[in-house]
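A short worksheet on the structure shown next.
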Amino acid sequence: MSLLLLLAAALIVAPPETPRKPVTTAYHGVKVTDDYRWLEDGEDPAVKSWSDAQNTAARAYLDNVPSRARLQKRVDALIRETSVSYREVVDRRGALFAEKVDPKKQQPFIVALPDLDHPENARVVLDPNVLDPTGHTAIDFWVPSLDGSKVAISLSKNGSESGDVHTYDTATGKEIDGVVTQVNNGTAGGSVAWNADGTGFYYTRYPRGTERAPSDMAFYQQIWFHKLGVPTAQDTYELGKELPRIAEILLEASEDGKFVLASVKNGDGGEAEFFVRGANGWTQVSRFEDQAVRGVLGLDGGLYLLSRQGAPKGKVLRVPLESPQLAKAAVIVPEGDGAIERFEPGARKLYVEEVLGGPSRVRAFPLQGGAPETVSTPEVSRIREIDRLHGGDVLLNVETYLAPPAFFRLDGRSGQLTRTALAVTSVADYSDCEVVRSNARSKDGTKVPFNVIRKKGTKLDGKNPTMLYGYGGYGTSIKPSFNPSRRAWIDAGGVYVEANLRGGGEYGDAWHKAGNLTRKQNVFDDFYAVSQALVRQGYADKDHLVITGGSNGGLLMGAELIQHPEAWKAVVSFVGIYDMLRVEETPNGGFNVTEFGTVKEPEQFKALYAYSPYHHVKNHQAYPATLFLTGANDPRVDPWHSRKMVARLQAANGARTPILLRTSSASGHGIGSAIDEIIAQRVDVYGFLFSVLGVDCCVEVKSTAR
């Protein structure tokens with residue numbers, strides 16, 4: 001055994017003993033005993049004490065891994081020495097706004113941009129780092145008024161995503177109205193749409209006071225209207241009483257303010273319906289069964305809808321706003337070979353992002369007819385956003401695995417693409433690396449693509465530390481992304497791999513549905529097939545292969561840990577779901593029923609119970625080293641999932657491998673985390689993996705970022 005492995009073994013500290021308090025529940029005649037249900041009560045002093053002791057044991061390991069000080073320095077430099085970046089650029093009649101990310105600050109902030117060529121002259125509208133120097137206050141979302149004179153911003157604390165809306169004057173940065181409460185939440189999100197003259201806005205509203213039972217306060221989202229200067233108690237109801245309990249509403253105003261679009265999702269399973277508010281009030285345009293899943297207001301008096309009815313990869317329809325009836329829809333973009341995910345109607349063209357198994361492309365469809373034009377973007381790239389500009393042009397934010405994000409201006413007439421000054425530079429130089437796309441055959445013969453990021457000339461001798469990441473859910477496509485801290489893994493001889501599993505949207509709705517509800521096992525089979533393809537291709541053997549995933553990907557990690565414990569050297573699971581029988585008892589779990597299913601339905605219960613990680617931990621089984629990470633304030637996946645899974649694994653593990661639980665007290669699901677927490681988390685993850693693998697790190701970095 002190497003010295004590093006000996007040191008790693010010495011770091012293992014015995015976790016606290018976890019009492020068993022069995023509770024038995026019958027589901028459709030099947031009795032299921034839960035020994036650790038008591039860990040679900042996060043307010044119980046005994047649970048808090050247990051969680052603190054788990055953190056102590058985790059810190060004893062993580063704080064003393066070999067080379068941690070050098071790793072901390074390396075990761076810190078990779079992240080903080082990357083240049084500032086911008087996202088969500090909004091054009092309000094020529095006035096530009098954006099969210100600015102400065103890695104030397106704890107949180108992103110909102111700025112007004114003079115133009116696209118001189119972002120250094122941007123003026124700050126609101127900086128939450130000034131409001132809260134601890135970095136624990138985050139922006140959930142923000143929406144400028146249609147004339148750009150005001151900005152409505154939802155703010156929340158400690159990763160809770162429980163956001164209230166504040167209104168600020170763009171010119172002075174001063175708050176100009178009372179706070180509108182309970183607009184955003186981690187369950188159904190939140191949204192705002194301004195009226196035409198900027199005197200008020202429509203907003204999403206969760207129940208207040210005693211309007212609902214305590215168990216329903218994160219459900220029953222509705223639309224209300226707030227007039228500036230008027231107490232929020234006098235706000236008026238607009239829409240929502242007839243919507244499902246798990247409705248998720250997104251609002252958008254047309255550029256002239258004449259119309260408001262409400263996109264309503266039925267939980268997280270992919271169904272949606274649409275309502276338009278015009279001069280005569282609200283009109284329902286489509287219902288869930290119509291299979292329209294995304295809507296955007298155009299500049300030409302049209303509502304553009306992404307429809308999957310008879311088109312699993314999607315088609316785009318146009319509905320006239322003056323008479324918003326789906327029966328009057330015209331097909332603007334027919335179904336093609338790419339899965340349509342997003343689109344933006346400009347003044348002359350409709351810009352459509354299509355996903356081709358993971359990487360994406362953009363095509364421009366002339367609104368007056370004519371052949372589509374394919375925009376020249378890198379082959380294996382991701383379109384982070386498409387932003388409409390005043391005058392007919394659009395912005396494309398493009399990134400690859402090897403090149404950081406950059407905004408390009410796409411001329412609406414000529415189709416010429418010009419790089420703007422809104423581009424990221426990074427000390428993480430990947431010029432010595434390459435991306436290899438490959439495929440694996442899943443258990444049922446389905447071809448599953450994956451991307452390998454490796455140094456050029458990597459030897460395929462099975463000895464490369466190889467990290468495999470997966471997600472596979474909600475129709476979410478895993479696309480190429482630039483990550484500066486990933487360079488620390490590559491520099492240690494590592495190979496990084498992302499799998500495009502069923503359950504995602506990489507090939508459209510059929511690909512998603514092949515991995516949701518009772519078909520979820522396909523996702524786990526796909527991931528395992530990719531791992532075995534990596535072994536066959538010589539990247540790694542079982543002693544050099546580690547796996548990671550978060551949230552729905554944390555469920556994936558739990559399933560792989562239980563179904564194939566012998567296949568991995570280590571597992572890292574972020575904010576994961578592990579008890580599939582009780583997940584719907586949590587607020588956000590209720591929204592997940594349309595994606596995962598419910599124990600109330602016999603066949604869905606059967607499927608959920610068959611793969612639920614928590615219920616299939618085996619006593620005396622040798623499990624790989626595993627690090628679980630969760631946030632105490634997570635509104636999306638309750639941290640009790642991680643507590644229960646860790647307790648069960650620690651009691652059952654037949655090996656001397658570490659099973660660690662890291663709980664962050666000042667974060668949630670990861671959204672809104674301060675930069676210090678992000679860096680600390682990545683250091684812990686890399687340190688854990690390097691320690692288990694017996695890998696040393698790191699190299700010094702020379703700053704070249706601006």
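Naming works like this for the structure tokens: A, B, ... for the chains as they're shown, residue 1 at the start of each chain, ligands 1 onward in shown order.
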Hey, which bits of segment 165-193 of chain A sit within 6 Å of segment 239-258 of chain A, and for each residue what's the closest pair of atoms and how far apart in Å (one decimal), counting only C-alpha atoms, rows by chain and increasing number, as CSV?
```
residue,atom,partner,partner_atom,distance
A:Ala188,CA,A:Glu248,CA,4.6
A:Ser191,CA,A:Leu250,CA,5.5
A:Val192,CA,A:Leu251,CA,5.9
A:Ala193,CA,A:Glu252,CA,5.3
```
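The residue that comes closest to Arg37 of chain A, out of A:Arg388, A:Lys569, A:Lys21, A:Arg277 and on the basis of only C-alpha atoms, is A:Lys21.
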Self-check item: Top pick for closest residue to Gln604 of chain A, considering A:Thr418, A:Thr170, A:Thr82, A:Thr518 and counting only C-alpha atoms
Solution: A:Thr518
Segment 260-313 of chain A residues near segment 222-232 of chain A within 12 Å, closest pair each, using only C-alpha atoms, as JSON lines:
```
{"residue": "A:Val260", "atom": "CA", "partner": "A:Ile223", "partner_atom": "CA", "distance": 11.2}
{"residue": "A:Leu261", "atom": "CA", "partner": "A:Ile223", "partner_atom": "CA", "distance": 11.2}
{"residue": "A:Ala262", "atom": "CA", "partner": "A:Ile223", "partner_atom": "CA", "distance": 8.7}
{"residue": "A:Ser263", "atom": "CA", "partner": "A:Ile223", "partner_atom": "CA", "distance": 11.2}
{"residue": "A:Val264", "atom": "CA", "partner": "A:Gln222", "partner_atom": "CA", "distance": 10.1}
{"residue": "A:Phe275", "atom": "CA", "partner": "A:Ile223", "partner_atom": "CA", "distance": 11.3}
{"residue": "A:Arg277", "atom": "CA", "partner": "A:Ile223", "partner_atom": "CA", "distance": 11.3}
{"residue": "A:Trp282", "atom": "CA", "partner": "A:Ile223", "partner_atom": "CA", "distance": 11.1}
```
Selected residues written out with N, CA and C atoms, as an mmCIF file, in the first residue's frame:
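Output file result-v7.cif follows:
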```cif
data_model
loop_
_atom_site.group_PDB
_atom_site.id
_atom_site.type_symbol
_atom_site.label_atom_id
_atom_site.label_comp_id
_atom_site.auth_asym_id
_atom_site.auth_seq_id
_atom_site.Cartn_x
_atom_site.Cartn_y
_atom_site.Cartn_z
ATOM 1 N N VAL A 260 -49.524 39.560 -21.369
ATOM 2 C CA VAL A 260 -48.732 38.824 -20.393
ATOM 3 C C VAL A 260 -48.966 37.340 -20.637
ATOM 4 N N LEU A 261 -47.892 36.577 -20.688
ATOM 5 C CA LEU A 261 -47.963 35.126 -20.874
ATOM 6 C C LEU A 261 -47.696 34.440 -19.545
ATOM 7 N N ALA A 262 -48.555 33.504 -19.190
ATOM 8 C CA ALA A 262 -48.329 32.644 -18.023
ATOM 9 C C ALA A 262 -48.106 31.223 -18.515
ATOM 10 N N SER A 263 -46.877 30.738 -18.336
ATOM 11 C CA SER A 263 -46.553 29.342 -18.647
ATOM 12 C C SER A 263 -46.687 28.556 -17.354
ATOM 13 N N VAL A 264 -47.538 27.543 -17.356
ATOM 14 C CA VAL A 264 -47.863 26.797 -16.136
ATOM 15 C C VAL A 264 -47.450 25.342 -16.304
ATOM 16 N N PHE A 275 -51.566 30.492 -20.651
ATOM 17 C CA PHE A 275 -52.608 31.496 -20.547
ATOM 18 C C PHE A 275 -52.036 32.826 -21.034
ATOM 19 N N ARG A 277 -52.862 37.046 -21.047
ATOM 20 C CA ARG A 277 -53.676 38.154 -20.565
ATOM 21 C C ARG A 277 -53.602 39.310 -21.540
ATOM 22 N N TRP A 282 -57.734 37.193 -18.931
ATOM 23 C CA TRP A 282 -56.965 35.982 -19.223
ATOM 24 C C TRP A 282 -57.726 35.037 -20.151
#
```
Practice problem: For Asp525 of chain A, list every protein, DNA or RNA residue within 7 Å, evaluated using only C-alpha atoms, and leave out those in the same chain fewer than 4 positions away; present the list as a PyMOL selection string. | Solution: chain A and resi 442-443+521+529
Quiz item: Could you name the residues that touch Tyr430 of chain A at 9 Å or less, counting only C-alpha atoms, but leaving out those on the same chain fewer than 6 positions away, as a list in words?
Solution: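 The filter keeps Tyr401, Leu402, Ala403, Lys455 and Arg487 of chain A.
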Closest-contact table, segment 606-698 of chain A side, partner segment 579-593 of chain A, 9 Å, counting only C-alpha atoms, as a Markdown table:
```
| residue | atom | partner | partner_atom | distance |
| --- | --- | --- | --- | --- |
| A:Leu608 | CA | A:Met580 | CA | 5.9 |
| A:Tyr609 | CA | A:Leu581 | CA | 6.7 |
| A:Tyr611 | CA | A:Met580 | CA | 8.1 |
| A:Ser612 | CA | A:Met580 | CA | 5.1 |
| A:Pro613 | CA | A:Asp579 | CA | 6.6 |
| A:Tyr614 | CA | A:Asp579 | CA | 5.3 |
| A:His615 | CA | A:Asp579 | CA | 7.1 |
| A:Pro635 | CA | A:Asn588 | CA | 7.0 |
| A:Arg636 | CA | A:Asn588 | CA | 5.3 |
| A:Val637 | CA | A:Asn588 | CA | 7.0 |
| A:Asp638 | CA | A:Thr586 | CA | 7.1 |
| A:His641 | CA | A:Asp579 | CA | 6.3 |
| A:Lys644 | CA | A:Asp579 | CA | 8.2 |
| A:Met645 | CA | A:Asp579 | CA | 7.9 |
```
Quiz prompt | Asn439 of chain A surroundings by only C-alpha atoms, 7 Å radius, close-in-sequence under 4 positions cut, as an MDAnalysis selection string | solution = chainID A and resid 447:450
Self-check item: Distance query Ala112 of chain A at most 8 Å, only C-alpha atoms, self and fewer than 4 positions along chain excluded, as JSON, numbers by chain
Solution: {"A": [95, 96, 97, 98, 122, 123, 124, 125, 170]}
The selected residues should be written to file as a PDB file, in the first residue's frame (atoms: C-alpha atoms).
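What landed in part13.pdb:
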```pdb
ATOM      1  CA  ALA A  95     -30.972  49.742 -22.226  1.00  0.00           C
ATOM      2  CA  LEU A  96     -28.913  46.663 -21.408  1.00  0.00           C
ATOM      3  CA  PHE A  97     -28.933  44.783 -18.105  1.00  0.00           C
ATOM      4  CA  ALA A  98     -27.078  41.674 -17.018  1.00  0.00           C
ATOM      5  CA  ALA A 122     -21.170  48.933 -16.176  1.00  0.00           C
ATOM      6  CA  ARG A 123     -23.144  50.589 -13.390  1.00  0.00           C
ATOM      7  CA  VAL A 124     -24.257  48.524 -10.419  1.00  0.00           C
ATOM      8  CA  VAL A 125     -28.024  48.414  -9.882  1.00  0.00           C
ATOM      9  CA  THR A 170     -32.191  51.737 -12.054  1.00  0.00           C
TER      10      THR A 170
END
```
Quiz item: How many Å separate atom CA of Ala421 of chain A from atom CA of Ser85 of chain A?
Solution: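 Distance between the two atoms: 10.1 Å.
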Exercise. Using DSSP on the backbone coordinates, identify all residues within segment 91-288 of chain A classified as helix (DSSP H, G or I); present the result as a list in words.
Key: Pro119, Glu120, Asn121, Pro128, Asn129, Val130, Leu131, Pro214, Ser215, Asp216, Thr232, Ala233, Gln234 and Phe288 of chain A
Practice problem: Determine which residues of segment 238-271 of chain A receive a DSSP assignment of strand (DSSP E or B), computed from the backbone, and state them as a ChimeraX atom specification. | Solution: /A:238-239,247-253,260-266
Quiz prompt | Selection near Val90 of chain A, 12 Å with only C-alpha atoms, sequence-local residues under 6 positions removed, as a list in words | solution =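 Returned residues: Leu96, Phe97, Ala98, Glu99, Ile110, Val111, Ala112, Leu113, Asp115, Leu116, Trp142, Val143, Pro144, Ser145, Leu146, Asp147, Gly148, Val151, Glu255, Glu385, Ile386, Asp387, Arg388, Leu389, His390, Val394 and Leu395 of chain A.
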Output file for the residues above (C-alpha atoms, as a short mmCIF file (atom, residue, chain, number, x, y, z; two decimals), in the first residue's frame):
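Saved to again_34.cif:
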```cif
data_model
loop_
_atom_site.label_atom_id
_atom_site.label_comp_id
_atom_site.auth_asym_id
_atom_site.auth_seq_id
_atom_site.Cartn_x
_atom_site.Cartn_y
_atom_site.Cartn_z
CA LEU A 96 -28.91 46.66 -21.41
CA PHE A 97 -28.93 44.78 -18.10
CA ALA A 98 -27.08 41.67 -17.02
CA GLU A 99 -26.19 39.58 -14.03
CA ILE A 110 -27.14 43.21 -11.30
CA VAL A 111 -25.57 45.81 -13.59
CA ALA A 112 -26.66 48.21 -16.31
CA LEU A 113 -24.34 47.95 -19.32
CA ASP A 115 -22.97 48.69 -24.46
CA LEU A 116 -21.55 45.28 -25.34
CA TRP A 142 -34.69 39.82 -11.51
CA VAL A 143 -36.85 41.58 -14.11
CA PRO A 144 -36.39 45.15 -15.44
CA SER A 145 -39.49 47.21 -16.22
CA LEU A 146 -40.29 47.55 -19.92
CA ASP A 147 -38.72 51.03 -20.10
CA GLY A 148 -35.70 49.95 -18.03
CA VAL A 151 -35.88 46.43 -11.62
CA GLU A 255 -42.28 44.27 -25.21
CA GLU A 385 -28.59 31.45 -23.67
CA ILE A 386 -30.17 33.27 -26.61
CA ASP A 387 -30.98 36.91 -25.81
CA ARG A 388 -33.02 39.18 -28.05
CA LEU A 389 -31.56 42.64 -28.72
CA HIS A 390 -33.31 45.87 -29.65
CA VAL A 394 -29.56 38.41 -30.85
CA LEU A 395 -26.82 37.41 -28.45
#
```
Quiz item: In Å to one decimal, how far is atom CA of Leu468 of chain A from atom CA of Gln621 of chain A?
Solution: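 Answer for the atom CA of Gln621 of chain A to atom CA of Leu468 of chain A separation: 22.8 Å.
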